[in-house]
Structure formats: structure tokens, C-alpha cells
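K.L.:
Provided below: structure-v7.txt, containing compact mmCIF, C-alpha atoms and all ligand atoms.
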```txt
# COMPACT_ATOMS: atom_id res chain seq x y z
CA GLU A 22 14.44 53.33 32.04
CA ALA A 23 15.91 53.92 35.49
CA THR A 24 18.70 51.33 35.30
CA LYS A 25 20.07 52.81 32.11
CA LYS A 26 20.04 56.34 33.45
CA GLU A 27 21.92 55.36 36.61
CA GLU A 28 24.64 53.66 34.66
CA ARG A 29 24.90 56.34 32.07
CA VAL A 30 27.84 58.68 32.26
CA SER A 31 26.94 62.16 31.17
CA PHE A 32 28.82 63.65 28.27
CA TYR A 33 28.22 67.19 29.22
CA THR A 34 29.59 68.84 32.30
CA GLY A 35 29.62 72.46 31.20
CA SER A 36 27.03 75.22 31.16
CA MET A 37 23.72 75.15 29.28
CA GLN A 38 25.24 76.97 26.30
CA GLU A 39 28.15 74.58 26.23
CA GLU A 40 25.77 71.64 26.36
CA ARG A 41 23.76 73.06 23.50
CA ALA A 42 26.85 73.64 21.42
CA ALA A 43 28.13 70.15 22.20
CA ARG A 44 24.81 68.67 21.11
CA LEU A 45 24.87 70.56 17.83
CA VAL A 46 28.39 69.37 17.12
CA LEU A 47 27.41 65.81 17.94
CA GLU A 48 24.31 66.02 15.74
CA HIS A 49 26.44 67.36 12.91
CA ASP A 50 28.88 64.47 13.35
CA LEU A 51 26.06 61.94 13.56
CA LYS A 52 24.73 63.11 10.21
CA LYS A 53 27.99 62.03 8.60
CA ALA A 54 28.45 58.90 10.67
CA ILE A 55 26.61 56.56 8.31
CA GLU A 56 28.33 57.59 5.10
CA GLN A 57 31.71 57.60 6.83
CA GLY A 58 31.18 54.06 8.05
CA GLU A 59 31.42 54.93 11.74
CA LEU A 60 28.39 52.94 12.86
CA PHE A 61 28.61 49.24 13.51
CA ILE A 62 26.52 46.58 15.16
CA GLU A 63 27.26 44.22 18.02
CA TYR A 64 25.13 41.14 18.48
CA GLN A 65 24.14 39.82 21.88
CA PRO A 66 23.24 36.11 21.73
CA GLN A 67 20.00 34.89 23.27
CA LEU A 68 19.99 31.42 24.79
CA ASP A 69 16.94 29.32 24.02
CA LEU A 70 16.42 27.44 27.30
CA GLN A 71 14.36 24.66 25.71
CA GLN A 72 16.84 23.91 22.93
CA GLY A 73 19.88 24.69 25.08
CA ALA A 74 21.26 26.61 22.11
CA ILE A 75 21.78 30.07 20.77
CA SER A 76 19.11 30.60 18.13
CA SER A 77 18.86 34.36 18.07
CA ALA A 78 20.78 37.55 18.79
CA GLU A 79 19.89 41.17 19.40
CA ALA A 80 21.46 43.80 17.15
CA LEU A 81 22.82 46.75 19.16
CA VAL A 82 24.22 49.75 17.34
CA ARG A 83 27.49 51.49 18.28
CA TRP A 84 29.23 54.57 17.00
CA ARG A 85 32.97 54.75 16.61
CA HIS A 86 33.53 58.49 16.65
CA PRO A 87 36.80 59.61 15.05
CA LYS A 88 37.69 61.88 18.00
CA ARG A 89 35.60 60.74 20.95
CA GLY A 90 36.05 57.03 20.48
CA LEU A 91 33.28 54.54 21.12
CA ILE A 92 29.88 56.07 21.87
CA ALA A 93 27.13 53.93 23.44
CA PRO A 94 23.64 54.00 21.92
CA LEU A 95 22.11 55.72 24.95
CA ASP A 96 24.41 58.66 24.22
CA PHE A 97 23.28 59.16 20.62
CA ILE A 98 19.95 57.35 19.99
CA PRO A 99 17.97 60.01 21.94
CA LEU A 100 19.68 62.71 19.86
CA ALA A 101 18.94 60.72 16.70
CA GLU A 102 15.31 60.46 17.74
CA GLU A 103 14.96 64.18 18.43
CA SER A 104 16.68 65.23 15.20
CA GLY A 105 14.97 62.72 12.90
CA LEU A 106 18.29 61.06 12.11
CA ILE A 107 16.84 57.89 13.61
CA VAL A 108 15.15 57.22 10.26
CA PRO A 109 18.33 56.82 8.18
CA ILE A 110 20.18 55.26 11.12
CA GLY A 111 17.34 52.78 11.69
CA LYS A 112 17.38 51.86 7.99
CA TRP A 113 21.12 51.32 8.11
CA VAL A 114 20.82 49.13 11.23
CA LEU A 115 18.03 47.01 9.74
CA GLU A 116 19.79 46.48 6.44
CA THR A 117 23.14 45.73 8.04
CA ALA A 118 21.66 43.36 10.62
CA CYS A 119 19.80 41.42 7.90
CA THR A 120 22.87 41.25 5.65
CA GLU A 121 25.19 40.08 8.43
CA THR A 122 22.68 37.54 9.71
CA VAL A 123 22.29 36.00 6.25
CA ARG A 124 26.08 35.81 5.96
CA TRP A 125 26.24 34.10 9.35
CA GLN A 126 23.52 31.62 8.38
CA LYS A 127 25.28 30.71 5.15
CA LYS A 128 28.60 30.21 6.84
CA HIS A 129 27.23 28.08 9.70
CA ARG A 130 24.36 26.46 7.80
CA LYS A 131 22.10 27.08 10.78
CA PRO A 132 19.05 29.22 11.31
CA MET A 133 19.61 32.39 13.31
CA ARG A 134 17.04 35.00 14.17
CA VAL A 135 18.03 38.64 14.61
CA ALA A 136 16.18 41.12 16.83
CA VAL A 137 16.34 44.77 15.76
CA ASN A 138 15.29 47.71 17.97
CA LEU A 139 12.82 50.21 16.55
CA SER A 140 12.14 53.81 17.56
CA ILE A 141 8.70 55.33 17.29
CA GLY A 142 9.91 57.74 14.59
CA GLN A 143 10.53 54.80 12.27
CA LEU A 144 6.94 53.61 12.62
CA TYR A 145 5.75 57.11 11.78
CA GLU A 146 7.31 56.74 8.34
CA LYS A 147 4.55 55.96 5.90
CA ASP A 148 6.39 53.28 3.97
CA PHE A 149 8.17 51.61 6.84
CA SER A 150 6.68 48.15 6.30
CA ARG A 151 7.46 48.41 2.60
CA PHE A 152 11.05 49.24 3.48
CA VAL A 153 11.21 46.18 5.75
CA LYS A 154 9.77 44.00 2.98
CA GLN A 155 12.27 45.33 0.44
CA THR A 156 15.14 44.85 2.87
CA LEU A 157 14.16 41.23 3.48
CA GLU A 158 13.98 40.60 -0.26
CA LYS A 159 17.23 42.41 -1.00
CA THR A 160 19.23 40.68 1.72
CA GLY A 161 17.52 37.28 1.42
CA LEU A 162 16.69 37.03 5.13
CA ALA A 163 13.60 34.90 5.76
CA PRO A 164 10.90 37.03 7.42
CA ALA A 165 10.63 34.49 10.25
CA HIS A 166 14.26 35.27 11.08
CA LEU A 167 13.58 38.92 11.79
CA GLN A 168 12.20 40.11 15.09
CA LEU A 169 11.36 43.78 15.64
CA GLU A 170 11.51 45.19 19.16
CA ILE A 171 9.21 48.01 20.17
CA THR A 172 9.19 49.59 23.62
CA GLU A 173 6.24 49.63 25.91
CA SER A 174 6.01 53.43 25.79
CA MET A 175 5.31 53.19 22.05
CA THR A 176 2.17 51.14 22.72
CA MET A 177 0.37 54.21 24.09
CA ASN A 178 0.01 55.46 20.54
CA THR A 179 -2.55 52.76 19.66
CA LYS A 180 -4.02 54.38 16.56
CA LEU A 181 -0.69 54.61 14.84
CA ILE A 182 0.98 51.54 16.11
CA VAL A 183 -1.62 48.79 15.71
CA PRO A 184 -1.97 49.18 11.92
CA ALA A 185 1.81 49.57 11.56
CA LEU A 186 2.42 46.38 13.53
CA GLN A 187 -0.26 44.50 11.62
CA GLU A 188 1.43 45.40 8.34
CA LEU A 189 4.74 44.19 9.71
CA LYS A 190 3.23 40.97 11.06
CA ALA A 191 1.70 40.32 7.64
CA LEU A 192 5.25 40.14 6.26
CA GLY A 193 5.93 37.20 8.58
CA VAL A 194 8.25 38.94 11.04
CA THR A 195 7.78 38.67 14.82
CA ILE A 196 7.28 41.51 17.28
CA ALA A 197 8.69 41.81 20.80
CA VAL A 198 7.85 44.32 23.52
CA ASP A 199 11.14 45.51 25.01
CA ASP A 200 11.74 46.61 28.61
CA PHE A 201 8.40 45.13 29.58
CA GLY A 202 7.14 46.45 32.89
CA THR A 203 8.94 49.79 32.78
CA GLY A 204 6.66 51.75 30.44
CA TYR A 205 4.13 52.96 32.99
CA SER A 206 1.38 52.14 30.51
CA SER A 207 -1.75 50.10 30.92
CA ILE A 208 -1.15 46.49 29.95
CA SER A 209 -4.49 46.25 28.19
CA TYR A 210 -2.63 46.68 24.87
CA LEU A 211 -1.50 43.07 25.25
CA LYS A 212 -4.98 41.94 24.19
CA ASP A 213 -5.10 43.91 20.96
CA PHE A 214 -1.54 44.17 19.75
CA PRO A 215 -0.04 41.55 17.42
CA ILE A 216 2.83 40.67 19.77
CA ASP A 217 4.90 37.48 19.98
CA TYR A 218 7.45 38.13 22.74
CA LEU A 219 7.75 40.06 25.98
CA LYS A 220 11.23 41.01 27.14
CA ILE A 221 11.40 41.30 30.91
CA ASP A 222 13.50 44.29 31.80
CA ARG A 223 16.82 43.80 33.51
CA SER A 224 15.72 45.88 36.50
CA PHE A 225 13.33 43.06 37.53
CA ILE A 226 15.91 40.33 37.01
CA ARG A 227 18.76 41.93 38.92
CA ASN A 228 17.52 41.05 42.43
CA ILE A 229 15.22 38.22 41.50
CA LEU A 230 16.82 35.83 44.00
CA ASP A 231 16.81 38.10 47.02
CA ASN A 232 13.92 40.47 46.52
CA PRO A 233 10.54 38.74 46.90
CA ASP A 234 8.77 41.65 45.19
CA ASP A 235 10.89 41.33 42.06
CA GLU A 236 10.40 37.58 42.14
CA ALA A 237 6.64 38.00 42.38
CA LEU A 238 6.62 40.40 39.43
CA VAL A 239 8.69 38.10 37.24
CA LYS A 240 6.50 35.10 38.11
CA MET A 241 3.41 37.15 37.34
CA ILE A 242 4.79 38.21 33.95
CA LEU A 243 5.72 34.62 33.07
CA SER A 244 2.31 33.29 34.04
CA MET A 245 0.45 36.07 32.26
CA ALA A 246 2.53 35.53 29.13
CA LYS A 247 1.70 31.84 29.17
CA HIS A 248 -2.03 32.55 29.32
CA LEU A 249 -1.78 35.09 26.52
CA LYS A 250 0.37 32.68 24.47
CA LEU A 251 3.31 35.04 24.41
CA LYS A 252 6.91 33.93 24.74
CA VAL A 253 9.30 35.58 27.17
CA VAL A 254 12.91 36.72 26.93
CA ALA A 255 14.52 37.68 30.25
CA GLU A 256 17.20 40.34 29.96
CA GLY A 257 20.27 41.06 32.06
CA ILE A 258 21.14 37.53 33.20
CA GLU A 259 24.45 37.92 34.96
CA THR A 260 24.68 34.84 37.21
CA PRO A 261 24.16 31.06 36.95
CA GLU A 262 21.55 31.33 39.73
CA GLN A 263 19.45 33.69 37.63
CA LEU A 264 19.72 31.29 34.69
CA ASP A 265 18.61 28.38 36.89
CA TYR A 266 15.70 30.32 38.23
CA LEU A 267 14.39 31.26 34.78
CA PHE A 268 14.95 27.76 33.45
CA HIS A 269 12.87 26.27 36.27
CA ASN A 270 10.15 28.84 35.78
CA ASP A 271 9.68 28.05 32.07
CA CYS A 272 11.08 31.22 30.57
CA GLU A 273 11.76 30.59 26.86
CA LYS A 274 14.90 32.67 26.31
CA ILE A 275 17.52 34.53 28.28
CA GLN A 276 19.98 37.22 27.35
CA GLY A 277 22.71 38.79 29.44
CA TYR A 278 26.39 39.04 30.29
CA PHE A 279 26.37 35.56 31.83
CA ILE A 280 25.65 34.10 28.39
CA SER A 281 27.64 36.66 26.47
CA ARG A 282 28.26 40.38 26.14
CA PRO A 283 27.27 41.93 22.83
CA LEU A 284 29.90 40.88 20.30
CA PRO A 285 31.11 42.11 16.95
CA TYR A 286 29.71 40.07 14.11
CA GLU A 287 32.94 38.09 13.60
CA ALA A 288 33.20 37.22 17.29
CA LEU A 289 29.64 35.98 17.36
CA GLU A 290 30.67 33.41 14.81
CA ALA A 291 33.68 32.31 16.81
CA ASP A 292 31.87 32.06 20.11
CA TYR A 293 28.89 30.13 18.91
CA GLN A 294 30.35 26.69 19.58
CA ALA A 295 31.78 27.62 22.95
CA ILE A 296 28.52 29.06 24.12
CA GLN A 297 26.58 26.07 22.95
CA GLN A 298 28.53 23.72 25.12
CA PHE A 299 27.82 25.37 28.40
P1 LIG A 301 17.97 47.43 25.13
O1 LIG A 301 17.25 47.24 23.85
O2 LIG A 301 17.24 47.19 26.38
O3 LIG A 301 19.27 46.55 25.01
C1 LIG A 301 19.86 45.85 26.09
C2 LIG A 301 20.99 46.65 26.70
O4 LIG A 301 21.38 46.01 27.91
C3 LIG A 301 22.23 46.73 25.82
O5 LIG A 301 22.85 47.96 26.08
C4 LIG A 301 23.07 45.58 26.38
O6 LIG A 301 24.44 45.73 26.11
C5 LIG A 301 22.76 45.68 27.84
N1 LIG A 301 22.94 44.39 28.53
C6 LIG A 301 22.75 43.17 28.02
N2 LIG A 301 22.97 42.21 28.94
C7 LIG A 301 23.29 42.85 30.09
C8 LIG A 301 23.64 42.39 31.42
O7 LIG A 301 23.68 41.19 31.72
N3 LIG A 301 23.89 43.34 32.35
C9 LIG A 301 23.88 44.67 32.05
N4 LIG A 301 24.16 45.54 33.02
N5 LIG A 301 23.55 45.14 30.80
C10 LIG A 301 23.27 44.23 29.83
P2 LIG A 301 23.35 48.91 24.91
O8 LIG A 301 23.94 48.10 23.79
O9 LIG A 301 24.18 49.98 25.51
O10 LIG A 301 22.01 49.52 24.34
C11 LIG A 301 21.25 50.40 25.12
C12 LIG A 301 19.94 50.71 24.47
O11 LIG A 301 20.10 51.47 23.27
C13 LIG A 301 19.14 49.49 24.06
O12 LIG A 301 18.53 48.94 25.19
C14 LIG A 301 18.17 50.12 23.07
O13 LIG A 301 17.09 50.71 23.74
C15 LIG A 301 19.01 51.21 22.44
N6 LIG A 301 19.50 50.74 21.12
C16 LIG A 301 20.58 49.99 20.81
N7 LIG A 301 20.68 49.78 19.49
C17 LIG A 301 19.60 50.41 18.93
C18 LIG A 301 19.12 50.57 17.58
O14 LIG A 301 19.70 50.06 16.59
N8 LIG A 301 17.98 51.30 17.42
C19 LIG A 301 17.31 51.87 18.47
N9 LIG A 301 16.21 52.54 18.21
N10 LIG A 301 17.73 51.73 19.73
C20 LIG A 301 18.86 51.02 19.96
CA CA A 302 16.05 45.80 22.83
CA CA A 303 15.57 45.79 26.75
CA CA A 304 16.40 47.30 29.46
```
Starting from the file, lay out its structure as C-alpha cells.
Ligand code: C2E
Ligand code: CA
Ligand code: CA
Ligand code: CA
P.N.:
Amino acid sequence: EATKKEERVSFYTGSMQEERAARLVLEHDLKKAIEQGELFIEYQPQLDLQQGAISSAEALVRWRHPKRGLIAPLDFIPLAEESGLIVPIGKWVLETACTETVRWQKKHRKPMRVAVNLSIGQLYEKDFSRFVKQTLEKTGLAPAHLQLEITESMTMNTKLIVPALQELKALGVTIAVDDFGTGYSSISYLKDFPIDYLKIDRSFIRNILDNPDDEALVKMILSMAKHLKLKVVAEGIETPEQLDYLFHNDCEKIQGYFISRPLPYEALEADYQAIQQF
């Protein structure tokens, strides 16, 4: 996605060989990251505009590297995807997100849904839905409290993805299409895929109040979603004006720095009350 690439600071400044070497070192480190406890999850709350409350959060993985410090997901998820490490990392994220969400629910005695990002490589795994089922049982998270986010680019692989999503839906989890509008794919998949939510990409939200083209696109997505009985999450809300706009245009949920940055699990607990009041 363009916005992410612009903001992304490159790790590598050296020659091709140096880049290759640096990648190999990073891949080697990433292999050990899970067992050494270097990965952790931050949760970004989503505000339900109808309830006026936080009822869900997106799980976003981070890597605390012993030498390099904090590494953002865009600087290691692509490497994880290319090397196949995304499978164990994805399992770790799912299990940890479910465990921490159950702990949160017990402590606050409130429902909370968690949204977990998936990579295509995870859906290629034969027993992925069985792993999800087992994880729900093991952690005690209700299936309705788990949302799985796929990206629009993944929908091009219809033959693989439709049966995989149907198996997941049968467990009772919900499915969201992330970064909607940026995947350069035909939107005909919306008819056939078992989808519950569309997430409008931040790049459309950013100038929604001063760019009539962006406004038209967002309105079109909201109206299409309504007809298709899909709910919408708008991403990248940074100002009260953007919140107002989406509220008045019947968007179900919003997520963004204006509501909250992604927070460590403990901070999500602490901030819940404060956020609810606003
Ligand atoms: P995403 O799924 O689109 O997640 C939203 C990203 O936008 C997050 O970046 C979040 O911190 C950022 N964001 C949220 N609100 C705002 C805002 O108001 N303004 C701005 N400028 N940015 C905002 P993050 O955490 O760096 O994650 C980047 C991407 O990495 C995610 O994009 C997702 O594609 C991927 N990712 C993160 N965790 C996982 C994971 O566990 N598995 C997989 N497969 N991918 C992951
Ligand atoms: Ca996402
Ligand atoms: Ca997104
Ligand atoms: Ca995005």
C-alpha cells in the first residue's frame, strides 16, 4: 500500500550484497525471536460509533530486537512471508491475542472482540482452520470475539481462499477485508466471499474533508457496504472532523490515532475508561 511505503524508513542503505547479508542476518534473528520472547502485540482500540464505546481492538505485532531495538511489522512481516516464518509467527500472534483478550474480558467483565491480521501463507496451511478452532478452545475465547483480517490482494486467489474462509466462518469467527480499495482487484469477490466487514484504507480517509474525490470514494464504499449488508471500519482517523464525518455517514466503527495509538495490552486496560468517556 502506497501510504505505508512512503512512511517506511528503509533499513538498508548499503550495496546489494550488504542488503542480502543484512536480510539473512535478520531472517536468522527472526527465527529465534519467538522462542526468545522478543515478539509482542499492541492493541489498537476500535470505536463503535453506534454504541459510543470501544468493543474491539486490532492486534498488531512488534519485534523487540536485542540489538536493533523496536522493529515495525512492515520491516519484518514481508521477510516472514517470503521465508515461511509467517506460519509460526502467525500462530504465535493468534494464540497470544486470544489469550490476552480472554484475560482482558475476565478482568473487565465485558465483551471485547480482537481482530488478527492474516497472511496468505497461513491460509495455504492445510490445517489452518483446525488450528484456529483448537486455539479458541484452548484459550476459551468465544468464536464471535475473533475477527480475522485478510487483505484484498488475497481475494484474487479465489479457489484457495473461498473454501478456507468458509471453514473459518463455520467456526463462528468473522472476516474483514483490510485496506479495502487498495488491492487493484475486481470487487466482484464481494458477492461470493463470506465477508462481514470492510476496512476502508487510511489513504482514502486522510483527505476526506478536503478532497472531493476521496469523499466520493468513501461515500460509495459506505453505500455499497450497506446494500451488501457488510459493516465498515474506517482506518486512520486522526482528527475530530474525520470522526464527525464518519459518524454522520453511518460508518459502524473507526480506528486511528485520534481514538488511540496501538497500546500494549496493559495500557489498553488502563485507557478503556478514559476512551469511553470521550
Ligand atoms: P494494517 O493492518 O493496515 O494496520 C494498521 C496500521 O496503521 C498499523 O501500523 C497502525 O499502527 C497504523 N495506524 C493506525 N491508526 C493510524 C492513524 O491514525 N494514522 C496513521 N498514520 N497510522 C495509523 P503497524 O502496526 O505498523 O502495522 C503495519 C502493518 O503490518 C499492518 O497494517 C498489517 O498489514 C501488518 N501487520 C501487523 N501485525 C501483523 C500480524 O500479526 N500479522 C500479519 N500478517 N501482518 C501484520
Ligand atoms: Ca489490519
Ligand atoms: Ca488496514
Ligand atoms: Ca492500511
K.L.:
Can you pull out every residue with an atom within 6 Å of ligand CA 302 (chain A)? Use all atoms listed in the file and format it as a PDB file with C-alpha atoms, in the coordinates of the input.
P.N.:
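Okay, out33.pdb is ready:
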```
ATOM      1  CA  ASN A 138      15.290  47.710  17.970  1.00  0.00           C
ATOM      2  CA  GLU A 170      11.510  45.190  19.160  1.00  0.00           C
ATOM      3  CA  ASP A 199      11.140  45.510  25.010  1.00  0.00           C
TER       4      ASP A 199
END
```
K.L.:
To box range 211-226 of chain A, take all atoms listed in the file, fit an axis-aligned box, add 5 Å on each side, and give centre and edge lengths in Å to one decimal, as AutoDock Vina command-line options.
P.N.:
```
--center_x 5.9 --center_y 41.7 --center_z 27.5 --size_x 31.9 --size_y 18.4 --size_z 30.1
```
K.L.:
Give as an mmCIF file with C-alpha atoms, in the coordinates of the input the residues surrounding ligand CA 304 (chain A) up to a distance of 6 Å, considering all atoms listed in the file.
P.N.:
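File produced: result09.cif:
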```
data_model
loop_
_atom_site.group_PDB
_atom_site.id
_atom_site.type_symbol
_atom_site.label_atom_id
_atom_site.label_comp_id
_atom_site.auth_asym_id
_atom_site.auth_seq_id
_atom_site.Cartn_x
_atom_site.Cartn_y
_atom_site.Cartn_z
ATOM 1 C CA ASP A 200 11.740 46.610 28.610
ATOM 2 C CA ASP A 222 13.500 44.290 31.800
ATOM 3 C CA ARG A 223 16.820 43.800 33.510
#
```
K.L.:
Could you state the separation of CA of Asn228 in chain A and CA of Cys272 in chain A in Å, given to one decimal place?
P.N.:
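Taking CA of Asn228 in chain A and CA of Cys272 in chain A, their separation equals 16.7 Å.
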K.L.:
Quick one, how far is CA of Leu68 in chain A from CA of Glu273 in chain A?
P.N.:
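According to the coordinates, CA of Leu68 in chain A and CA of Glu273 in chain A are separated by 8.5 Å.
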